[in-house]
Amino acid sequence: KMNKKVINALIMLLIPIVIWYSPAPEGLADGAWKLFGFYLAAIVGLILKPFPAPVVVLSAIAGSALFLGNTKAVLSGYATTTAWLVFSAFALSVAFVKTGLGRRIAYHLINAFGGTVLRLGYVTALLDGIISPATPSNTARCGGIVFPIMNSVAKSLGSEPGETANKAGRFLMVNTYMVTKVTSLMFLTAMAPNALAGDFMAKMLGVHLDWGLWALAMSVPGIVMLLIVPYVTYLLNKPTLTTVDNKKIAAEGLAELGPMTSAEKTLVGIFIFALVGWALPSILAAFGIKFKIDATAVAIVAMVASFCLGAIKWDDMVANKGGWNTLMWFGGIIGLSDALSKAKFFEWLADVMQTHLHFGDNGFVALVIIGIISVAIRYLFASGSAYVVAMLPVFLAVGPAAGVNPMALALVLCASNSYGGALTHYGGAAAPIVFGAGYNDVKDWWITGGIIAVLCLTLTFVVGYPWWGMLGIL
């Protein structure tokens with residue numbers, strides 16, 4: 001009897017075979033159609049997961065290279081600045097965990113602001129927000145830094161899974177995840193799929209979202225969401241405990257960490273350098289000053305500085321599976337999509353969408369409809385990356401055909417991918433970690449996630465859209 005993994009692998013294998021022996025649609029070259037078969041196999045593989053993500057994508061690359069003779073084209077993604085920006089930022093993510101700087105910041109925030117359980121929810125938001133620009137793995141940020149701290153805080157308050165879960169832990173746990181679904185949309189480097197989405201935007205819409213423009217555009221709606229989401233989550237999962245001895249919790253945590261190490265101080269300097277380097281061109285541009293510095297160059301310098309100045313060791317990076325896994329599948333999927341783009345597949349897809357899909361004559365209404373669909377469809381995806389690969393090209397073809405402003409479409413889709421992952425307890429890799437603590441049940445999680453996702457989508461249009469208009473980018 002074949003197990004699920006074998007069946008999923010066979011499905012992935014059959015896709016390029018079926019497409020290979022099927023006639024190409026009208027208007028599309030035969031080579032582009034066959035290449036799409038390998039690309040679609042990679043998409044389905046990332047969703048079904050018969051093998052780890054890098055193996056899935058490398059399998060599609062191998063098939064395309066062997067049968068279409070386009071080895072150089074499909075491997076080109078590993079030379080893109082997008083892939084290396086994400087990989088380099090992973091080094092800072094590793095450093096925040098390894099040095100303990102993330103935990104130290106958390107305990108200082110708890111000491112300053114965590115006097116009630118609700119305020120602890122906002123401490124979570126503030127902590128996640130502070131470290132999000134340098135942690136493209138929101139799994140590492142949420143699951144590796146924030147979750148362990150909040151889990152230990154809940155236990156120190158006498159809240160354990162089971163009868164005492166509602167004392168504080170139920171709220172603190174679900175809020176930890178809901179908050180990271182907001183911070184992940186605020187920076188290009190706050191979630192790995194963001195950079196991949198940006199790459200698609202540039203190819204299909206001609207919209208270039210650099211680090212500074214992304215942060216500026218998402219800052220106001222993101223901050224408003226961070227102000228509202230913890231409170232709404234608190235009302236939906238209201239704890240029985242209200243006040244907290246935050247001074248004691250912070251003192252014990254800081255005592256365990258000991259004095260601030262030289263590695264932590266070094267990391268603070270590197271982190272500030274990276275933020276300034278990423279944001280400076282956009283800040284100066286607002287004053288009419290032209291200044292160019294490549295975001296990937298900044299990230300690589302920050303990564304190298306982390307090694308050379310002793311914040312982390314190269315072996316720490318070697319041991320970070322997330323960074324290497326992301327580089328392998330991320331660069332591979334970019335290579336496949338680049339090859340498809342050069343084969344004019346996305347141009348053909350846009351023409352087909354324009355011919356067959358109609359949203360009326362109102363571009364804003366079409367944008368709202370696309371936003372709603374983009375969130376709802378996240379019920380089907382356990383990964384923001386898989387969603388970007390599978391659905392973004394479709395939405396990016398549909399939107400312009402419906403008269404949607406390209407920049408507005410790009411920003412809405414980037415945001416909705418993030419908080420769309422709030423819907424379920426499998427909507428992102430960090431969700432099973434937090435849900436697995438045992439404080440929350442599926443029903444309450446889904447209700448909370450559904451309300452948060454709808455709220456954030458509403459705020460995207462009510463707050464974000466006018467803000468983008470004020471910036472003059474629409």
# chains A, B, ... in the order shown; residues from 1 in each chain; ligands from 1
call {"tool": "residues_around", "arguments": {"residues": "Leu226 of chain A", "least_positions_apart": "6", "cutoff": "12 Å", "atoms": "only C-alpha atoms", "output": "mmCIF file with C-alpha atoms, in the first residue's frame"}}
result
data_model
loop_
_atom_site.group_PDB
_atom_site.id
_atom_site.type_symbol
_atom_site.label_atom_id
_atom_site.label_comp_id
_atom_site.auth_asym_id
_atom_site.auth_seq_id
_atom_site.Cartn_x
_atom_site.Cartn_y
_atom_site.Cartn_z
ATOM 1 C CA GLY A 121 0.661 41.245 24.721
ATOM 2 C CA TYR A 122 1.939 44.640 23.620
ATOM 3 C CA VAL A 123 5.440 43.773 24.843
ATOM 4 C CA THR A 124 5.251 40.807 22.475
ATOM 5 C CA ALA A 125 4.266 43.123 19.624
ATOM 6 C CA LEU A 126 7.069 45.566 20.432
ATOM 7 C CA LEU A 127 9.700 42.836 20.747
ATOM 8 C CA ASP A 128 8.666 41.159 17.505
ATOM 9 C CA GLY A 129 8.582 44.519 15.757
ATOM 10 C CA ASN A 175 -1.164 36.645 20.528
ATOM 11 C CA THR A 176 2.462 35.675 19.944
ATOM 12 C CA MET A 178 -1.039 36.878 15.569
ATOM 13 C CA VAL A 179 1.505 39.617 16.224
ATOM 14 C CA THR A 180 4.165 38.021 14.016
ATOM 15 C CA LYS A 181 1.622 37.907 11.191
ATOM 16 C CA VAL A 182 1.577 41.705 11.367
ATOM 17 C CA THR A 183 5.280 42.408 11.827
ATOM 18 C CA SER A 184 6.030 40.079 8.903
ATOM 19 C CA LEU A 185 4.398 42.485 6.474
ATOM 20 C CA MET A 186 6.182 45.600 7.717
ATOM 21 C CA MET A 218 3.753 49.479 5.442
ATOM 22 C CA SER A 219 4.742 51.524 8.503
ATOM 23 C CA VAL A 220 1.460 53.325 9.192
ATOM 24 C CA VAL A 232 -8.750 42.278 19.955
ATOM 25 C CA THR A 233 -6.908 39.017 20.644
ATOM 26 C CA TYR A 419 -1.952 38.140 7.890
ATOM 27 C CA ILE A 452 -7.677 39.160 12.941
ATOM 28 C CA LEU A 455 -9.567 43.168 10.633
ATOM 29 C CA CYS A 456 -6.114 43.525 9.090
ATOM 30 C CA LEU A 459 -7.212 48.246 7.961
#
call {"tool": "residues_around", "arguments": {"residues": "Val268 of chain A", "least_positions_apart": "6", "cutoff": "12 Å", "atoms": "only C-alpha atoms", "output": "VMD selection string"}}
result
chain A and resid 92 95 to 96 99 to 102 104 to 105 130 to 131 134 260 to 262 274 to 275 302 305 to 306 309 311
call {"tool": "select_by_dssp", "arguments": {"residues": "segment 15-113 of chain A", "states": "helix (DSSP H, G or I)", "output": "ChimeraX atom specification"}}
result
/A:15-20,30-48,53-68,71-74,76-79,81-99,101-113
call {"tool": "residues_around", "arguments": {"residues": "Phe36 of chain A", "least_positions_apart": "6", "cutoff": "10 Å", "atoms": "only C-alpha atoms", "output": "PyMOL selection string"}}
result
chain A and resi 15-16+19-20+30+42+64+336-337+339-340+343+345
call {"tool": "closest_residue", "arguments": {"among": "A:Gly331, A:Ala401, A:Pro230, A:Thr326", "to": "Ile61 of chain A", "atoms": "only C-alpha atoms"}}
result
A:Gly331
call {"tool": "atom_distance", "arguments": {"atom1": "atom CA of Thr135 of chain A", "atom2": "atom CA of Ala190 of chain A"}}
result
5.6 Å
call {"tool": "closest_residue", "arguments": {"among": "A:Val86, A:Val229, A:Ala112, A:Leu68", "to": "Ala297 of chain A", "atoms": "only C-alpha atoms"}}
result
A:Val86
call {"tool": "residues_around", "arguments": {"residues": "Val365 of chain A", "least_positions_apart": "2", "cutoff": "12 Å", "atoms": "only C-alpha atoms", "output": "PDB file with C-alpha atoms, in the first residue's frame"}}
result
ATOM      1  CA  HIS A 358     -13.961  40.899 -15.735  1.00  0.00           C
ATOM      2  CA  PHE A 359     -14.447  42.746 -12.443  1.00  0.00           C
ATOM      3  CA  GLY A 360     -16.345  45.696 -13.882  1.00  0.00           C
ATOM      4  CA  ASP A 361     -14.956  49.122 -14.539  1.00  0.00           C
ATOM      5  CA  ASN A 362     -13.954  50.017 -10.969  1.00  0.00           C
ATOM      6  CA  GLY A 363     -10.307  49.242 -10.271  1.00  0.00           C
ATOM      7  CA  LEU A 367      -8.615  45.389  -5.765  1.00  0.00           C
ATOM      8  CA  VAL A 368     -10.894  44.741  -2.765  1.00  0.00           C
ATOM      9  CA  ILE A 369     -12.213  41.539  -4.345  1.00  0.00           C
ATOM     10  CA  ILE A 370      -8.683  40.323  -5.092  1.00  0.00           C
ATOM     11  CA  GLY A 371      -7.682  41.170  -1.496  1.00  0.00           C
ATOM     12  CA  ILE A 372     -10.572  39.135  -0.081  1.00  0.00           C
ATOM     13  CA  GLY A 399      -5.182  42.782 -11.292  1.00  0.00           C
ATOM     14  CA  ALA A 402      -9.131  44.612 -14.092  1.00  0.00           C
ATOM     15  CA  GLY A 403      -7.667  48.107 -14.072  1.00  0.00           C
ATOM     16  CA  VAL A 404      -6.086  47.873 -10.602  1.00  0.00           C
ATOM     17  CA  ASN A 405      -3.287  50.300  -9.750  1.00  0.00           C
ATOM     18  CA  LEU A 409      -2.016  45.643  -5.996  1.00  0.00           C
ATOM     19  CA  PHE A 461      -7.838  49.553   2.818  1.00  0.00           C
TER      20      PHE A 461
END
call {"tool": "closest_residue", "arguments": {"among": "A:Val462, A:Ala350, A:Gly449, A:Gly162", "to": "Leu28 of chain A", "atoms": "only C-alpha atoms"}}
result
A:Ala350
call {"tool": "closest_residue", "arguments": {"among": "A:Val207, A:Ile43, A:Val398, A:Cys308", "to": "Ile473 of chain A", "atoms": "only C-alpha atoms"}}
result
A:Val207
